[in-house]
file run_34.txt (compact mmCIF, C-alpha atoms)
# COMPACT_ATOMS: atom_id res chain seq x y z
CA MET A 2 23.54 17.85 -93.42
CA VAL A 3 25.95 15.31 -91.96
CA LEU A 4 27.63 13.08 -94.48
CA SER A 5 27.24 9.37 -94.16
CA PRO A 6 29.86 6.79 -95.20
CA ASP A 7 27.72 5.94 -98.19
CA ASP A 8 27.73 9.56 -99.28
CA ILE A 9 31.48 9.57 -99.16
CA HIS A 10 31.71 6.24 -100.96
CA ASN A 11 29.33 7.24 -103.74
CA LYS A 12 30.85 10.65 -104.26
CA ALA A 13 32.00 11.04 -107.94
CA PHE A 14 34.54 13.60 -109.03
CA SER A 15 35.00 15.00 -112.53
CA THR A 16 38.32 14.48 -114.27
CA LYS A 17 40.50 16.88 -116.18
CA LEU A 18 43.97 16.97 -117.45
CA ARG A 19 46.66 16.52 -114.91
CA GLY A 20 44.15 15.67 -112.18
CA TYR A 21 44.70 13.56 -108.96
CA ASN A 22 45.46 9.91 -109.18
CA ILE A 23 42.10 8.22 -109.07
CA ASP A 24 43.33 5.12 -107.25
CA GLU A 25 45.06 7.12 -104.54
CA VAL A 26 41.95 9.26 -104.06
CA ASN A 27 39.74 6.17 -103.84
CA ASP A 28 42.08 4.54 -101.35
CA PHE A 29 42.12 7.66 -99.26
CA LEU A 30 38.34 7.91 -99.39
CA GLU A 31 38.05 4.30 -98.30
CA GLN A 32 40.23 5.09 -95.31
CA ILE A 33 38.14 8.12 -94.52
CA ILE A 34 34.99 6.00 -94.76
CA LYS A 35 36.38 3.47 -92.27
CA ASP A 36 37.50 6.14 -89.84
CA TYR A 37 34.21 7.96 -90.22
CA GLN A 38 32.28 4.77 -89.50
CA ILE A 39 34.34 4.26 -86.36
CA THR A 40 33.75 7.85 -85.34
CA LEU A 41 30.02 7.55 -85.93
CA LYS A 42 29.89 4.32 -83.94
CA GLN A 43 31.79 5.93 -81.07
CA ASN A 44 29.55 8.94 -81.27
CA LYS A 45 26.49 6.68 -81.13
CA ASP A 46 27.89 4.79 -78.16
CA LEU A 47 28.68 8.05 -76.42
CA GLN A 48 25.20 9.35 -77.17
CA GLU A 49 23.63 6.19 -75.76
CA ARG A 50 25.82 6.45 -72.70
CA LEU A 51 24.92 10.11 -72.39
CA ASP A 52 21.23 9.29 -72.67
CA ALA A 53 21.62 6.58 -70.03
CA SER A 54 23.54 8.94 -67.79
CA GLU A 55 20.92 11.61 -68.25
CA GLY A 56 18.21 9.03 -67.43
CA LYS A 57 20.10 8.03 -64.29
CA LEU A 58 20.69 11.65 -63.43
CA LYS A 59 17.01 12.35 -63.82
CA TYR A 60 16.18 9.30 -61.69
CA PHE A 61 18.62 10.37 -58.98
CA ASN A 62 17.31 13.92 -59.10
CA GLU A 63 13.79 12.63 -58.69
CA LEU A 64 15.01 10.29 -55.94
CA LYS A 65 16.77 13.23 -54.28
CA ASP A 66 13.61 15.28 -54.43
CA SER A 67 11.64 12.35 -53.05
CA LEU A 68 14.20 11.84 -50.30
CA ASN A 69 14.17 15.52 -49.47
CA GLN A 70 10.40 15.44 -49.33
CA SER A 71 10.54 12.29 -47.20
CA ILE A 72 13.07 13.94 -44.92
CA LEU A 73 10.81 16.96 -44.56
CA VAL A 74 7.81 14.74 -43.83
CA ALA A 75 9.86 12.68 -41.38
CA GLN A 76 11.11 15.85 -39.72
CA GLU A 77 7.58 17.17 -39.41
CA ALA A 78 6.42 13.81 -38.06
CA ALA A 79 9.32 13.76 -35.61
CA ASP A 80 8.48 17.27 -34.48
CA LYS A 81 4.84 16.29 -33.99
CA VAL A 82 5.85 13.13 -32.12
CA LYS A 83 8.23 15.15 -29.98
CA THR A 84 5.56 17.74 -29.23
CA ASN A 85 2.92 15.09 -28.48
CA SER A 86 5.39 13.13 -26.36
CA LYS A 87 6.21 16.25 -24.38
CA LYS A 88 2.53 16.99 -23.86
CA GLU A 89 1.83 13.40 -22.81
CA ALA A 90 4.87 13.48 -20.50
CA ASP A 91 3.62 16.69 -18.94
CA ILE A 92 0.16 15.20 -18.47
CA ILE A 93 1.58 11.98 -16.99
CA THR A 94 3.86 14.00 -14.70
CA ARG A 95 0.97 16.15 -13.47
CA GLU A 96 -1.22 13.09 -12.93
CA ALA A 97 1.61 11.30 -11.11
CA GLN A 98 2.22 14.35 -8.93
CA LYS A 99 -1.50 14.61 -8.18
CA GLN A 100 -1.72 10.90 -7.35
CA ALA A 101 1.39 11.15 -5.19
CA SER A 102 -0.06 14.19 -3.43
CA ASP A 103 -3.37 12.37 -2.90
CA ILE A 104 -1.56 9.30 -1.56
CA VAL A 105 0.56 11.41 0.79
CA SER A 106 -2.50 13.35 1.94
CA GLU A 107 -4.49 10.16 2.49
CA ALA A 108 -1.58 8.55 4.34
CA THR A 109 -1.18 11.68 6.46
CA ASP A 110 -4.90 11.72 7.29
CA LYS A 111 -4.85 8.02 8.19
CA SER A 112 -1.72 8.43 10.30
CA ASN A 113 -3.23 11.44 12.07
CA GLN A 114 -6.42 9.48 12.65
CA MET A 115 -4.45 6.53 14.02
CA ILE A 116 -2.45 8.87 16.24
CA ASP A 117 -5.66 10.50 17.49
CA GLU A 118 -7.23 7.12 18.16
CA ALA A 119 -4.09 5.93 19.95
CA SER A 120 -4.03 9.14 21.95
CA GLN A 121 -7.69 8.72 22.91
CA LYS A 122 -7.06 5.09 23.90
CA ALA A 123 -4.04 6.17 25.93
CA LYS A 124 -6.13 8.82 27.67
CA ARG A 125 -8.89 6.30 28.41
CA LEU A 126 -6.35 3.81 29.72
CA SER A 127 -4.79 6.55 31.82
CA VAL A 128 -8.21 7.48 33.25
CA GLU A 129 -9.07 3.82 33.86
CA THR A 130 -5.66 3.29 35.48
CA ASP A 131 -6.22 6.31 37.71
CA ASP A 132 -9.68 5.00 38.64
CA LEU A 133 -8.22 1.59 39.47
CA LYS A 134 -5.53 3.25 41.55
CA LYS A 135 -8.15 5.31 43.37
CA GLN A 136 -10.28 2.25 44.03
CA THR A 137 -7.20 0.35 45.17
CA ARG A 138 -6.24 3.15 47.55
CA VAL A 139 -9.80 3.26 48.91
CA PHE A 140 -9.82 -0.51 49.35
CA ARG A 141 -6.44 -0.40 51.05
CA GLN A 142 -7.54 2.40 53.40
CA ARG A 143 -10.74 0.59 54.30
CA LEU A 144 -8.90 -2.69 54.75
CA GLN A 145 -6.33 -0.92 56.91
CA VAL A 146 -9.07 0.73 58.97
CA MET A 147 -10.86 -2.58 59.39
CA LEU A 148 -7.69 -4.44 60.35
CA GLU A 149 -6.64 -1.72 62.76
CA SER A 150 -10.13 -1.73 64.26
CA GLN A 151 -10.08 -5.49 64.65
CA LEU A 152 -6.53 -5.33 66.03
CA GLU A 153 -7.69 -2.81 68.62
CA VAL A 154 -10.46 -5.20 69.55
CA VAL A 155 -7.97 -8.07 69.86
CA LYS A 156 -5.68 -5.92 72.03
CA SER A 157 -8.59 -4.80 74.26
CA LYS A 158 -8.44 -5.62 77.96
CA ASP A 159 -11.94 -7.04 77.67
CA TRP A 160 -10.41 -10.18 76.17
CA ASP A 161 -8.13 -10.61 79.19
CA GLN A 162 -11.08 -10.15 81.48
CA LEU A 163 -13.19 -12.53 79.40
CA LEU A 164 -10.51 -15.19 79.39
CA SER A 165 -9.94 -14.88 83.13
CA GLU A 166 -13.64 -15.39 83.96
CA THR A 167 -15.00 -18.93 84.41
CA ASP A 168 -18.49 -18.15 85.62
CA THR A 169 -21.13 -19.04 83.06
CA SER A 170 -22.99 -15.87 83.86
CA THR A 171 -20.24 -13.90 82.15
CA TYR A 172 -21.00 -15.33 78.70
CA SER A 173 -23.82 -12.86 78.26
CA GLU A 174 -21.29 -10.17 78.99
CA ILE A 175 -18.93 -11.72 76.44
CA GLN A 176 -21.72 -11.61 73.92
CA HIS A 177 -22.38 -8.01 74.83
CA VAL A 178 -18.69 -7.17 74.39
CA LEU A 179 -18.55 -8.87 70.99
CA LYS A 180 -21.66 -7.03 69.82
CA ASP A 181 -20.55 -3.68 71.17
CA ASP A 182 -20.04 -0.80 68.73
CA HIS A 183 -16.32 -0.69 69.24
CA LEU A 184 -16.00 -3.92 67.15
CA ASP A 185 -17.08 -1.95 64.14
CA ASN A 186 -15.93 1.19 62.48
CA GLY A 187 -18.58 3.73 63.25
CA THR A 188 -17.51 6.15 60.55
CA ASN A 189 -17.16 3.67 57.69
CA ALA A 190 -20.04 1.25 57.35
CA SER A 191 -18.43 -0.68 54.51
CA VAL A 192 -15.89 -2.29 56.87
CA ASN A 193 -18.26 -2.96 59.78
CA SER A 194 -19.07 -6.49 60.86
CA GLU A 195 -22.54 -7.48 59.76
CA ALA A 196 -23.11 -10.32 62.23
CA ALA A 197 -22.09 -11.38 65.70
CA VAL A 198 -19.62 -14.14 66.64
CA GLU A 199 -21.07 -17.41 67.78
CA ILE A 200 -19.97 -18.14 71.40
CA THR A 201 -20.43 -21.53 73.08
CA ASN A 202 -20.36 -21.99 76.84
CA PRO A 203 -17.69 -24.62 77.48
CA ALA A 204 -19.33 -25.56 80.77
CA THR A 205 -22.88 -26.15 79.54
CA GLY A 206 -22.33 -26.54 75.77
CA GLU A 207 -25.10 -24.02 75.15
CA THR A 208 -25.04 -21.03 72.85
CA PRO A 209 -26.32 -17.85 74.49
CA VAL A 210 -29.07 -15.94 72.77
CA ALA A 211 -28.21 -12.43 71.56
CA ASP A 212 -30.09 -9.34 72.69
CA GLY A 213 -33.45 -9.07 71.02
CA GLY A 214 -34.16 -12.84 71.07
CA ASP A 215 -32.27 -13.73 67.89
CA GLN A 216 -29.66 -16.47 67.90
CA ALA A 217 -26.13 -15.13 67.24
CA GLN A 218 -24.69 -15.85 63.83
CA GLU A 219 -21.09 -16.27 62.73
CA GLN A 220 -19.29 -12.94 62.23
CA THR A 221 -18.95 -11.86 58.56
CA VAL A 222 -17.01 -8.89 57.22
CA VAL A 223 -17.90 -7.51 53.76
CA ILE A 224 -15.83 -4.80 52.03
CA PHE A 225 -17.23 -2.76 49.11
CA PRO A 226 -14.97 -0.08 47.56
CA ASP A 227 -17.19 2.94 46.85
CA ASP A 228 -16.46 5.57 44.23
CA ASP A 229 -17.70 8.39 46.42
CA VAL A 230 -14.83 8.04 48.89
CA ASP A 231 -12.18 10.70 48.60
CA SER A 232 -9.29 9.01 46.73
CA SER A 233 -6.81 11.68 47.68
CA LYS A 234 -6.43 10.29 51.19
call {"tool": "encode", "arguments": {"input": "run_34.txt", "output": "structure tokens"}}
result
Amino acid sequence: MVLSPDDIHNKAFSTKLRGYNIDEVNDFLEQIIKDYQITLKQNKDLQERLDASEGKLKYFNELKDSLNQSILVAQEAADKVKTNSKKEADIITREAQKQASDIVSEATDKSNQMIDEASQKAKRLSVETDDLKKQTRVFRQRLQVMLESQLEVVKSKDWDQLLSETDTSTYSEIQHVLKDDHLDNGTNASVNSEAAVEITNPATGETPVADGGDQAQEQTVVIFPDDDVDSSK
């Protein structure tokens, strides 16, 4: 049992001959009591501080455990987030690649279609251009034939003979000359003249009647380019 200051103060000693000086013993006991009180107070303070420190230590240990648990939970959550993010990134990447592939494929199909359409248009234009060139060549050939035929008629000696004659009886011959087959192109009907030339007798002012009883009409030349003509000429 731990002694208290009161126990020390109330302690009574028996006396005998030649014993200790009572006053000195009491003074010494009083000093011991004071020192003991100080020691007890310090011990109490230290105990309180120790209890407080132990409480703090317990709190920090619990906090450490809680932090460790939180760190573990956070680590697990981070791992899950990382895994989910990677999965989502993979999904997004695959979808983006698929969309990009679809866009490229669609663009390629459209470009090929446009190229095909342009090629078809170019072919049609080429065919149409060739047809126009063929028709132009045919028209030129027929025009050339007609002009050469008419030029041959103009250069004919019949004109010199016609112009040198003054007898009115020759106008029927003039009409016959103008209606003769050599005014037309016998092999190409499209450049033939379709009517006779109207001739007036300068002496009488009369217009001779053509063979067959019909009055002569003004000469007309009509040119029709036909597709059945050989364009290679």
call {"tool": "atom_distance", "arguments": {"input": "run_34.txt", "atom1": "atom CA of Lys57 of chain A", "atom2": "atom CA of Thr40 of chain A"}}
result
25.1 Å
call {"tool": "atom_distance", "arguments": {"input": "run_34.txt", "atom1": "atom CA of Leu73 of chain A", "atom2": "atom CA of Ile92 of chain A"}}
result
28.2 Å
call {"tool": "atom_distance", "arguments": {"input": "run_34.txt", "atom1": "atom CA of Asn11 of chain A", "atom2": "atom CA of Asp36 of chain A"}}
result
16.2 Å
call {"tool": "closest_residue", "arguments": {"input": "run_34.txt", "among": "A:Glu25, A:Glu96, A:Asp7, A:Glu55", "to": "Gln38 of chain A", "atoms": "all atoms listed in the file"}}
result
A:Asp7
